[in-house]
>>> print(open('model14.pdb').read())   # PDB, C-alpha atoms
ATOM      1  CA  MET A   1       5.611  -7.935   1.812
ATOM      2  CA  ASN A   2       3.418 -10.660   0.346
ATOM      3  CA  LYS A   3       3.829 -11.183  -3.387
ATOM      4  CA  LEU A   4       1.450 -12.300  -6.114
ATOM      5  CA  LYS A   5       3.071 -13.284  -9.404
ATOM      6  CA  LEU A   6       0.988 -13.885 -12.517
ATOM      7  CA  LYS A   7       2.133 -15.403 -15.789
ATOM      8  CA  LEU A   8      -0.653 -14.376 -18.160
ATOM      9  CA  LEU A   9       1.099 -15.110 -21.452
ATOM     10  CA  GLY A  10       0.706 -18.733 -22.465
ATOM     11  CA  ASN A  11      -0.736 -21.175 -19.941
ATOM     12  CA  VAL A  12      -1.716 -19.128 -16.906
ATOM     13  CA  GLN A  13       0.378 -19.651 -13.786
ATOM     14  CA  ILE A  14      -0.349 -17.789 -10.538
ATOM     15  CA  PHE A  15       1.969 -17.827  -7.529
ATOM     16  CA  PHE A  16       1.451 -16.418  -4.057
ATOM     17  CA  ASN A  17       4.713 -16.121  -2.126
ATOM     18  CA  ASP A  18       6.278 -18.646  -4.542
ATOM     19  CA  THR A  19       3.486 -21.197  -4.007
ATOM     20  CA  ASN A  20       1.678 -22.132  -7.205
ATOM     21  CA  ILE A  21      -2.029 -21.643  -6.496
ATOM     22  CA  THR A  22      -3.261 -21.999 -10.102
ATOM     23  CA  SER A  23      -4.824 -25.434  -9.648
ATOM     24  CA  LEU A  24      -6.719 -24.227  -6.566
ATOM     25  CA  LEU A  25      -8.632 -21.624  -8.557
ATOM     26  CA  SER A  26     -11.860 -22.264 -10.434
ATOM     27  CA  GLY A  27     -12.187 -20.897 -13.959
ATOM     28  CA  LYS A  28     -14.164 -17.877 -12.768
ATOM     29  CA  SER A  29     -11.787 -17.231  -9.856
ATOM     30  CA  LEU A  30      -8.817 -17.356 -12.224
ATOM     31  CA  ALA A  31     -10.557 -14.950 -14.597
ATOM     32  CA  LEU A  32     -11.501 -12.600 -11.753
ATOM     33  CA  LEU A  33      -8.031 -12.588 -10.217
ATOM     34  CA  SER A  34      -6.332 -12.109 -13.595
ATOM     35  CA  TYR A  35      -8.585  -9.189 -14.514
ATOM     36  CA  LEU A  36      -8.336  -7.394 -11.168
ATOM     37  CA  SER A  37      -4.552  -7.875 -11.098
ATOM     38  CA  PHE A  38      -4.172  -6.553 -14.640
ATOM     39  CA  TYR A  39      -5.997  -3.392 -13.559
ATOM     40  CA  ARG A  40      -4.707  -3.430  -9.999
ATOM     41  CA  GLU A  41      -4.560   0.364  -9.676
ATOM     42  CA  THR A  42      -8.294   0.616 -10.372
ATOM     43  CA  LYS A  43     -11.216   0.181  -8.004
ATOM     44  CA  HIS A  44     -13.935  -1.775  -9.770
ATOM     45  CA  LYS A  45     -17.668  -1.485  -9.287
ATOM     46  CA  ARG A  46     -19.153  -4.736  -8.019
ATOM     47  CA  ASN A  47     -22.020  -4.489 -10.491
ATOM     48  CA  LYS A  48     -19.588  -4.150 -13.385
ATOM     49  CA  ILE A  49     -17.688  -7.286 -12.326
ATOM     50  CA  VAL A  50     -20.982  -9.144 -11.899
ATOM     51  CA  ASP A  51     -22.000  -8.232 -15.456
ATOM     52  CA  PHE A  52     -18.493  -8.997 -16.706
ATOM     53  CA  LEU A  53     -18.374 -12.567 -15.411
ATOM     54  CA  TRP A  54     -21.967 -13.521 -14.608
ATOM     55  CA  GLY A  55     -23.965 -11.469 -17.079
ATOM     56  CA  ASN A  56     -26.044 -14.490 -18.084
ATOM     57  CA  SER A  57     -27.191 -15.222 -14.515
ATOM     58  CA  GLN A  58     -30.029 -13.772 -12.493
ATOM     59  CA  ASP A  59     -28.980 -10.806 -10.365
ATOM     60  CA  SER A  60     -29.196 -12.521  -6.977
ATOM     61  CA  SER A  61     -27.367 -15.608  -8.239
ATOM     62  CA  ALA A  62     -24.660 -13.533  -9.942
ATOM     63  CA  LYS A  63     -23.998 -11.482  -6.806
ATOM     64  CA  TYR A  64     -23.803 -14.645  -4.719
ATOM     65  CA  ASN A  65     -21.309 -16.173  -7.180
ATOM     66  CA  LEU A  66     -19.118 -13.082  -6.948
ATOM     67  CA  ARG A  67     -19.161 -13.191  -3.144
ATOM     68  CA  TYR A  68     -18.341 -16.899  -3.188
ATOM     69  CA  ASN A  69     -15.411 -16.458  -5.581
ATOM     70  CA  LEU A  70     -14.008 -13.585  -3.513
ATOM     71  CA  TRP A  71     -14.250 -15.727  -0.387
ATOM     72  CA  SER A  72     -12.673 -18.686  -2.204
ATOM     73  CA  ILE A  73      -9.709 -16.654  -3.490
ATOM     74  CA  ASN A  74      -9.001 -15.086  -0.113
ATOM     75  CA  LYS A  75      -9.351 -18.468   1.619
ATOM     76  CA  ILE A  76      -6.609 -19.964  -0.579
ATOM     77  CA  ILE A  77      -3.987 -17.566   0.813
ATOM     78  CA  LYS A  78      -5.348 -17.486   4.366
ATOM     79  CA  ASP A  79      -2.630 -19.836   5.678
ATOM     80  CA  GLN A  80       0.115 -17.597   4.261
ATOM     81  CA  SER A  81      -1.257 -14.133   4.902
ATOM     82  CA  LEU A  82      -3.467 -12.338   7.382
ATOM     83  CA  GLU A  83      -4.348  -9.859   4.654
ATOM     84  CA  LYS A  84      -6.984 -10.389   1.994
ATOM     85  CA  LEU A  85      -5.813 -10.649  -1.590
ATOM     86  CA  ILE A  86      -8.938  -8.940  -2.918
ATOM     87  CA  ASP A  87     -10.435  -6.251  -0.709
ATOM     88  CA  SER A  88     -13.628  -4.245  -0.926
ATOM     89  CA  VAL A  89     -15.085  -1.001   0.306
ATOM     90  CA  GLY A  90     -18.781  -0.438  -0.189
ATOM     91  CA  LYS A  91     -19.633  -1.280  -3.781
ATOM     92  CA  GLU A  92     -16.015  -1.394  -5.006
ATOM     93  CA  LEU A  93     -13.466  -4.211  -5.364
ATOM     94  CA  TYR A  94      -9.717  -3.952  -5.723
ATOM     95  CA  ILE A  95      -6.470  -5.838  -5.284
ATOM     96  CA  ASN A  96      -4.997  -5.192  -1.848
ATOM     97  CA  PRO A  97      -2.338  -2.471  -2.416
ATOM     98  CA  LYS A  98      -0.243  -3.954   0.398
ATOM     99  CA  ILE A  99       0.466  -6.987  -1.788
ATOM    100  CA  ASP A 100       3.244  -6.744  -4.367
ATOM    101  CA  ILE A 101       1.944  -7.712  -7.815
ATOM    102  CA  GLU A 102       4.169  -8.902 -10.671
ATOM    103  CA  LEU A 103       2.788  -9.580 -14.166
ATOM    104  CA  ASP A 104       4.740 -10.765 -17.194
ATOM    105  CA  THR A 105       2.582  -8.480 -19.339
ATOM    106  CA  ASP A 106       4.002  -5.442 -17.527
ATOM    107  CA  ASN A 107       7.431  -6.198 -18.987
ATOM    108  CA  LEU A 108       5.985  -6.512 -22.475
ATOM    109  CA  LEU A 109       4.289  -3.114 -22.140
ATOM    110  CA  LYS A 110       7.621  -1.616 -21.054
ATOM    111  CA  ILE A 111       9.215  -3.099 -24.166
ATOM    112  CA  GLU A 112       6.452  -1.524 -26.266
ATOM    113  CA  LYS A 113       7.363   1.928 -24.926
ATOM    114  CA  LYS A 114      11.001   1.364 -25.869
ATOM    115  CA  LEU A 115      10.000   0.184 -29.337
ATOM    116  CA  ASN A 116       7.835   3.257 -29.874
ATOM    117  CA  SER A 117      10.533   5.645 -28.664
ATOM    118  CA  GLY A 118      13.378   3.888 -30.493
ATOM    119  CA  GLU A 119      15.247   3.436 -27.193
ATOM    120  CA  TYR A 120      15.690  -0.295 -27.601
ATOM    121  CA  LYS A 121      18.758  -2.456 -28.104
ATOM    122  CA  ILE A 122      18.732  -5.260 -30.654
ATOM    123  CA  GLU A 123      20.411  -7.514 -28.115
ATOM    124  CA  ASP A 124      17.539  -6.948 -25.690
ATOM    125  CA  ILE A 125      14.908  -7.776 -28.316
ATOM    126  CA  ILE A 126      16.730 -10.982 -29.233
ATOM    127  CA  SER A 127      16.979 -12.089 -25.599
ATOM    128  CA  GLU A 128      13.425 -11.077 -24.657
ATOM    129  CA  LYS A 129      11.557 -12.161 -27.788
ATOM    130  CA  GLU A 130      11.023 -15.810 -26.882
ATOM    131  CA  LYS A 131       9.410 -14.905 -23.558
ATOM    132  CA  TYR A 132       6.512 -13.160 -25.224
ATOM    133  CA  ARG A 133       5.510 -15.275 -28.199
ATOM    134  CA  GLU A 134       2.641 -17.007 -26.385
ATOM    135  CA  LEU A 135      -0.985 -15.861 -26.425
ATOM    136  CA  PHE A 136      -2.510 -13.838 -23.603
ATOM    137  CA  LEU A 137      -4.470 -16.162 -21.267
ATOM    138  CA  GLU A 138      -3.960 -19.017 -23.702
ATOM    139  CA  GLY A 139      -6.703 -21.624 -23.489
ATOM    140  CA  VAL A 140      -8.870 -19.472 -21.224
ATOM    141  CA  TYR A 141     -12.469 -19.216 -22.388
ATOM    142  CA  ILE A 142     -15.414 -18.748 -20.055
ATOM    143  CA  LYS A 143     -18.708 -20.020 -21.444
ATOM    144  CA  GLU A 144     -21.343 -17.297 -21.952
ATOM    145  CA  CYS A 145     -19.046 -14.579 -20.556
ATOM    146  CA  PHE A 146     -19.076 -12.497 -23.690
ATOM    147  CA  GLU A 147     -17.562  -9.324 -22.219
ATOM    148  CA  PHE A 148     -14.709 -11.212 -20.581
ATOM    149  CA  ASN A 149     -13.971 -13.251 -23.707
ATOM    150  CA  ASP A 150     -13.993 -10.074 -25.819
ATOM    151  CA  TRP A 151     -11.521  -8.484 -23.407
ATOM    152  CA  VAL A 152      -9.228 -11.513 -23.656
ATOM    153  CA  TYR A 153      -9.429 -11.468 -27.464
ATOM    154  CA  ASN A 154      -8.619  -7.748 -27.670
ATOM    155  CA  LYS A 155      -5.665  -8.110 -25.315
ATOM    156  CA  ARG A 156      -4.355 -11.038 -27.345
ATOM    157  CA  GLU A 157      -4.452  -8.838 -30.440
ATOM    158  CA  GLU A 158      -2.741  -5.983 -28.603
ATOM    159  CA  PHE A 159       0.112  -8.108 -27.284
ATOM    160  CA  GLN A 160       0.573  -9.964 -30.556
ATOM    161  CA  LYS A 161       1.027  -6.604 -32.303
ATOM    162  CA  ILE A 162       3.851  -5.771 -29.891
ATOM    163  CA  TYR A 163       5.462  -9.141 -30.546
ATOM    164  CA  THR A 164       5.050  -8.663 -34.310
ATOM    165  CA  THR A 165       6.785  -5.284 -34.051
ATOM    166  CA  MET A 166       9.715  -6.984 -32.315
ATOM    167  CA  ILE A 167       9.901  -9.536 -35.137
ATOM    168  CA  LYS A 168       9.829  -6.840 -37.833
ATOM    169  CA  ILE A 169      12.607  -4.862 -36.139
ATOM    170  CA  LEU A 170      14.753  -7.998 -35.991
ATOM    171  CA  LEU A 171      14.010  -8.773 -39.636
ATOM    172  CA  GLU A 172      15.090  -5.297 -40.708
ATOM    173  CA  HIS A 173      18.258  -5.578 -38.619
ATOM    174  CA  TYR A 174      19.168  -8.950 -40.137
ATOM    175  CA  GLN A 175      18.517  -7.738 -43.677
ATOM    176  CA  LEU A 176      20.589  -4.569 -43.247
ATOM    177  CA  ASN A 177      23.478  -6.637 -41.918
ATOM    178  CA  ASP A 178      23.250  -9.336 -44.626
ATOM    179  CA  MET A 179      22.390 -11.990 -42.048
ATOM    180  CA  TYR A 180      20.498 -14.125 -44.557
ATOM    181  CA  ASN A 181      19.917 -17.259 -42.507
ATOM    182  CA  ASP A 182      18.583 -15.252 -39.583
ATOM    183  CA  SER A 183      16.438 -13.197 -41.980
ATOM    184  CA  ILE A 184      14.828 -16.320 -43.438
ATOM    185  CA  LYS A 185      14.196 -17.785 -40.000
ATOM    186  CA  ILE A 186      12.584 -14.623 -38.629
ATOM    187  CA  LEU A 187      10.565 -14.111 -41.829
ATOM    188  CA  LYS A 188       9.087 -17.606 -41.457
ATOM    189  CA  GLU A 189       8.125 -16.730 -37.906
ATOM    190  CA  LEU A 190       6.466 -13.533 -39.114
ATOM    191  CA  ILE A 191       4.501 -15.447 -41.763
ATOM    192  CA  ASN A 192       3.371 -18.004 -39.184
ATOM    193  CA  LEU A 193       2.043 -15.181 -37.014
ATOM    194  CA  ASN A 194      -0.093 -13.838 -39.846
ATOM    195  CA  PRO A 195      -0.164 -16.182 -42.849
ATOM    196  CA  TYR A 196      -2.822 -14.092 -44.623
ATOM    197  CA  ASN A 197      -0.811 -10.871 -44.727
ATOM    198  CA  GLU A 198       0.472 -10.667 -48.321
ATOM    199  CA  GLU A 199       3.094  -8.047 -47.382
ATOM    200  CA  ASN A 200       5.066 -10.733 -45.544
ATOM    201  CA  TYR A 201       5.591 -12.641 -48.795
ATOM    202  CA  ILE A 202       7.038  -9.732 -50.785
TER     203      ILE A 202
END
>>> encode(input="model14.pdb", output="structure tokens")
Amino acid sequence: MNKLKLKLLGNVQIFFNDTNITSLLSGKSLALLSYLSFYRETKHKRNKIVDFLWGNSQDSSAKYNLRYNLWSINKIIKDQSLEKLIDSVGKELYINPKIDIELDTDNLLKIEKKLNSGEYKIEDIISEKEKYRELFLEGVYIKECFEFNDWVYNKREEFQKIYTTMIKILLEHYQLNDMYNDSIKILKELINLNPYNEENYI
């Protein structure tokens, strides 16, 4: 099975069958592929995607740009796969379900469930924490794509809250076990995440 791997936390890296294709993607293609992969179990209306990424363009131009980006993305993997990466039926777009998709954000969402249920191990948080400190789609900003940029901002907030929860759990663990040096180190990290939260200074 063909595999698409996306690193969406920090600087975006996208691999198809272990080949890094990030540099082959335009900004809009990267945004489109990241968004569709994040919601890979959903079929998306073409018009919604057009408004999402080309809302400032005239309708005919926006639809052409979407078609071109779909063609461009599928062309990149043509030498490695007979299947399209992004498929369409009628007025809907979706990631080809025959392609295995792996996202680093999926692991972070699994960690969130464990944090909420209390079914986590401190050792796991310590080992996993450093993987998830980076911002979602760091450095990605598409000019005049207000809906897309709002989505990125909201996801950054969501994932940073999960990371902050991990930090707070570690801080509590270190304090309860009189691990003062570790407590100070993790508290500094918490303050750096949100320097304007007065609770972190108490």
>>> residues_around(input="model14.pdb", residues="range 6-19 of chain A", least_positions_apart="5", cutoff="7 Å", atoms="only C-alpha atoms", output="list of chain:residue names")
A:Glu102, A:Leu103, A:Asp104, A:Thr105, A:Tyr132, A:Glu134, A:Leu135, A:Phe136, A:Leu137, A:Glu138, A:Gly139
>>> residues_around(input="model14.pdb", residues="range 59-66 of chain A", least_positions_apart="2", cutoff="10 Å", atoms="all atoms listed in the file", output="list of chain:residue names")
A:Lys28, A:Ser29, A:Leu32, A:Arg46, A:Asn47, A:Ile49, A:Val50, A:Asp51, A:Leu53, A:Trp54, A:Gly55, A:Asn56, A:Ser57, A:Tyr68, A:Asn69, A:Leu70, A:Trp71, A:Ser72
>>> atom_distance(input="model14.pdb", atom1="CA of Lys98 in chain A", atom2="CA of Met1 in chain A")
7.2 Å
>>> atom_distance(input="model14.pdb", atom1="CA of Thr42 in chain A", atom2="CA of Ile162 in chain A")
23.9 Å
>>> resolve_selection(input="model14.pdb", expression="the PyMOL selection byres ((chain A and resi 76-85) around 9)", output="NGL selection string")
:A and (2 or 4 or 16-17 or 21 or 24-25 or 70-75 or 86-87 or 94-99)
>>> closest_residue(input="model14.pdb", among="A:Glu172, A:His44, A:Glu112, A:Tyr141", to="Ile184 in chain A", atoms="all atoms listed in the file")
A:Glu172
>>> atom_distance(input="model14.pdb", atom1="CA of Leu190 in chain A", atom2="CA of Gln175 in chain A")
14.1 Å
>>> build_atoms(input="model14.pdb", residues="range 149-173 of chain A", atoms="N, CA and C atoms", output="mmCIF file, in the coordinates of the input")
data_model
loop_
_atom_site.group_PDB
_atom_site.id
_atom_site.type_symbol
_atom_site.label_atom_id
_atom_site.label_comp_id
_atom_site.auth_asym_id
_atom_site.auth_seq_id
_atom_site.Cartn_x
_atom_site.Cartn_y
_atom_site.Cartn_z
ATOM 1 N N ASN A 149 -14.624 -12.632 -22.550
ATOM 2 C CA ASN A 149 -13.971 -13.251 -23.707
ATOM 3 C C ASN A 149 -13.562 -12.214 -24.747
ATOM 4 N N ASP A 150 -14.365 -11.164 -24.910
ATOM 5 C CA ASP A 150 -13.993 -10.074 -25.819
ATOM 6 C C ASP A 150 -12.757 -9.349 -25.312
ATOM 7 N N TRP A 151 -12.695 -9.138 -24.006
ATOM 8 C CA TRP A 151 -11.521 -8.484 -23.407
ATOM 9 C C TRP A 151 -10.264 -9.320 -23.652
ATOM 10 N N VAL A 152 -10.370 -10.620 -23.428
ATOM 11 C CA VAL A 152 -9.228 -11.513 -23.656
ATOM 12 C C VAL A 152 -8.788 -11.448 -25.115
ATOM 13 N N TYR A 153 -9.745 -11.514 -26.031
ATOM 14 C CA TYR A 153 -9.429 -11.468 -27.464
ATOM 15 C C TYR A 153 -8.712 -10.167 -27.828
ATOM 16 N N ASN A 154 -9.222 -9.046 -27.346
ATOM 17 C CA ASN A 154 -8.619 -7.748 -27.670
ATOM 18 C C ASN A 154 -7.211 -7.626 -27.100
ATOM 19 N N LYS A 155 -7.003 -8.154 -25.905
ATOM 20 C CA LYS A 155 -5.665 -8.110 -25.315
ATOM 21 C C LYS A 155 -4.706 -9.026 -26.075
ATOM 22 N N ARG A 156 -5.201 -10.157 -26.531
ATOM 23 C CA ARG A 156 -4.355 -11.038 -27.345
ATOM 24 C C ARG A 156 -3.882 -10.309 -28.598
ATOM 25 N N GLU A 157 -4.801 -9.603 -29.246
ATOM 26 C CA GLU A 157 -4.452 -8.838 -30.440
ATOM 27 C C GLU A 157 -3.428 -7.763 -30.113
ATOM 28 N N GLU A 158 -3.645 -7.066 -29.012
ATOM 29 C CA GLU A 158 -2.741 -5.983 -28.603
ATOM 30 C C GLU A 158 -1.328 -6.497 -28.362
ATOM 31 N N PHE A 159 -1.212 -7.588 -27.616
ATOM 32 C CA PHE A 159 0.112 -8.108 -27.284
ATOM 33 C C PHE A 159 0.777 -8.772 -28.487
ATOM 34 N N GLN A 160 -0.025 -9.371 -29.359
ATOM 35 C CA GLN A 160 0.573 -9.964 -30.556
ATOM 36 C C GLN A 160 1.141 -8.884 -31.475
ATOM 37 N N LYS A 161 0.506 -7.711 -31.496
ATOM 38 C CA LYS A 161 1.027 -6.604 -32.303
ATOM 39 C C LYS A 161 2.398 -6.162 -31.788
ATOM 40 N N ILE A 162 2.549 -6.133 -30.470
ATOM 41 C CA ILE A 162 3.851 -5.771 -29.891
ATOM 42 C C ILE A 162 4.899 -6.800 -30.296
ATOM 43 N N TYR A 163 4.531 -8.071 -30.180
ATOM 44 C CA TYR A 163 5.462 -9.141 -30.546
ATOM 45 C C TYR A 163 5.805 -9.071 -32.028
ATOM 46 N N THR A 164 4.819 -8.784 -32.871
ATOM 47 C CA THR A 164 5.050 -8.663 -34.310
ATOM 48 C C THR A 164 6.007 -7.515 -34.610
ATOM 49 N N THR A 165 5.866 -6.417 -33.880
ATOM 50 C CA THR A 165 6.785 -5.284 -34.051
ATOM 51 C C THR A 165 8.214 -5.694 -33.724
ATOM 52 N N MET A 166 8.387 -6.485 -32.670
ATOM 53 C CA MET A 166 9.715 -6.984 -32.315
ATOM 54 C C MET A 166 10.296 -7.816 -33.455
ATOM 55 N N ILE A 167 9.462 -8.680 -34.035
ATOM 56 C CA ILE A 167 9.901 -9.536 -35.137
ATOM 57 C C ILE A 167 10.325 -8.696 -36.341
ATOM 58 N N LYS A 168 9.531 -7.680 -36.667
ATOM 59 C CA LYS A 168 9.829 -6.840 -37.833
ATOM 60 C C LYS A 168 11.119 -6.049 -37.640
ATOM 61 N N ILE A 169 11.365 -5.584 -36.425
ATOM 62 C CA ILE A 169 12.607 -4.862 -36.139
ATOM 63 C C ILE A 169 13.806 -5.790 -36.307
ATOM 64 N N LEU A 170 13.670 -7.024 -35.830
ATOM 65 C CA LEU A 170 14.753 -7.998 -35.991
ATOM 66 C C LEU A 170 14.979 -8.326 -37.460
ATOM 67 N N LEU A 171 13.894 -8.469 -38.208
ATOM 68 C CA LEU A 171 14.010 -8.773 -39.636
ATOM 69 C C LEU A 171 14.758 -7.663 -40.365
ATOM 70 N N GLU A 172 14.405 -6.432 -40.074
ATOM 71 C CA GLU A 172 15.090 -5.297 -40.708
ATOM 72 C C GLU A 172 16.573 -5.275 -40.343
ATOM 73 N N HIS A 173 16.865 -5.552 -39.078
ATOM 74 C CA HIS A 173 18.258 -5.578 -38.619
ATOM 75 C C HIS A 173 19.051 -6.660 -39.345
#
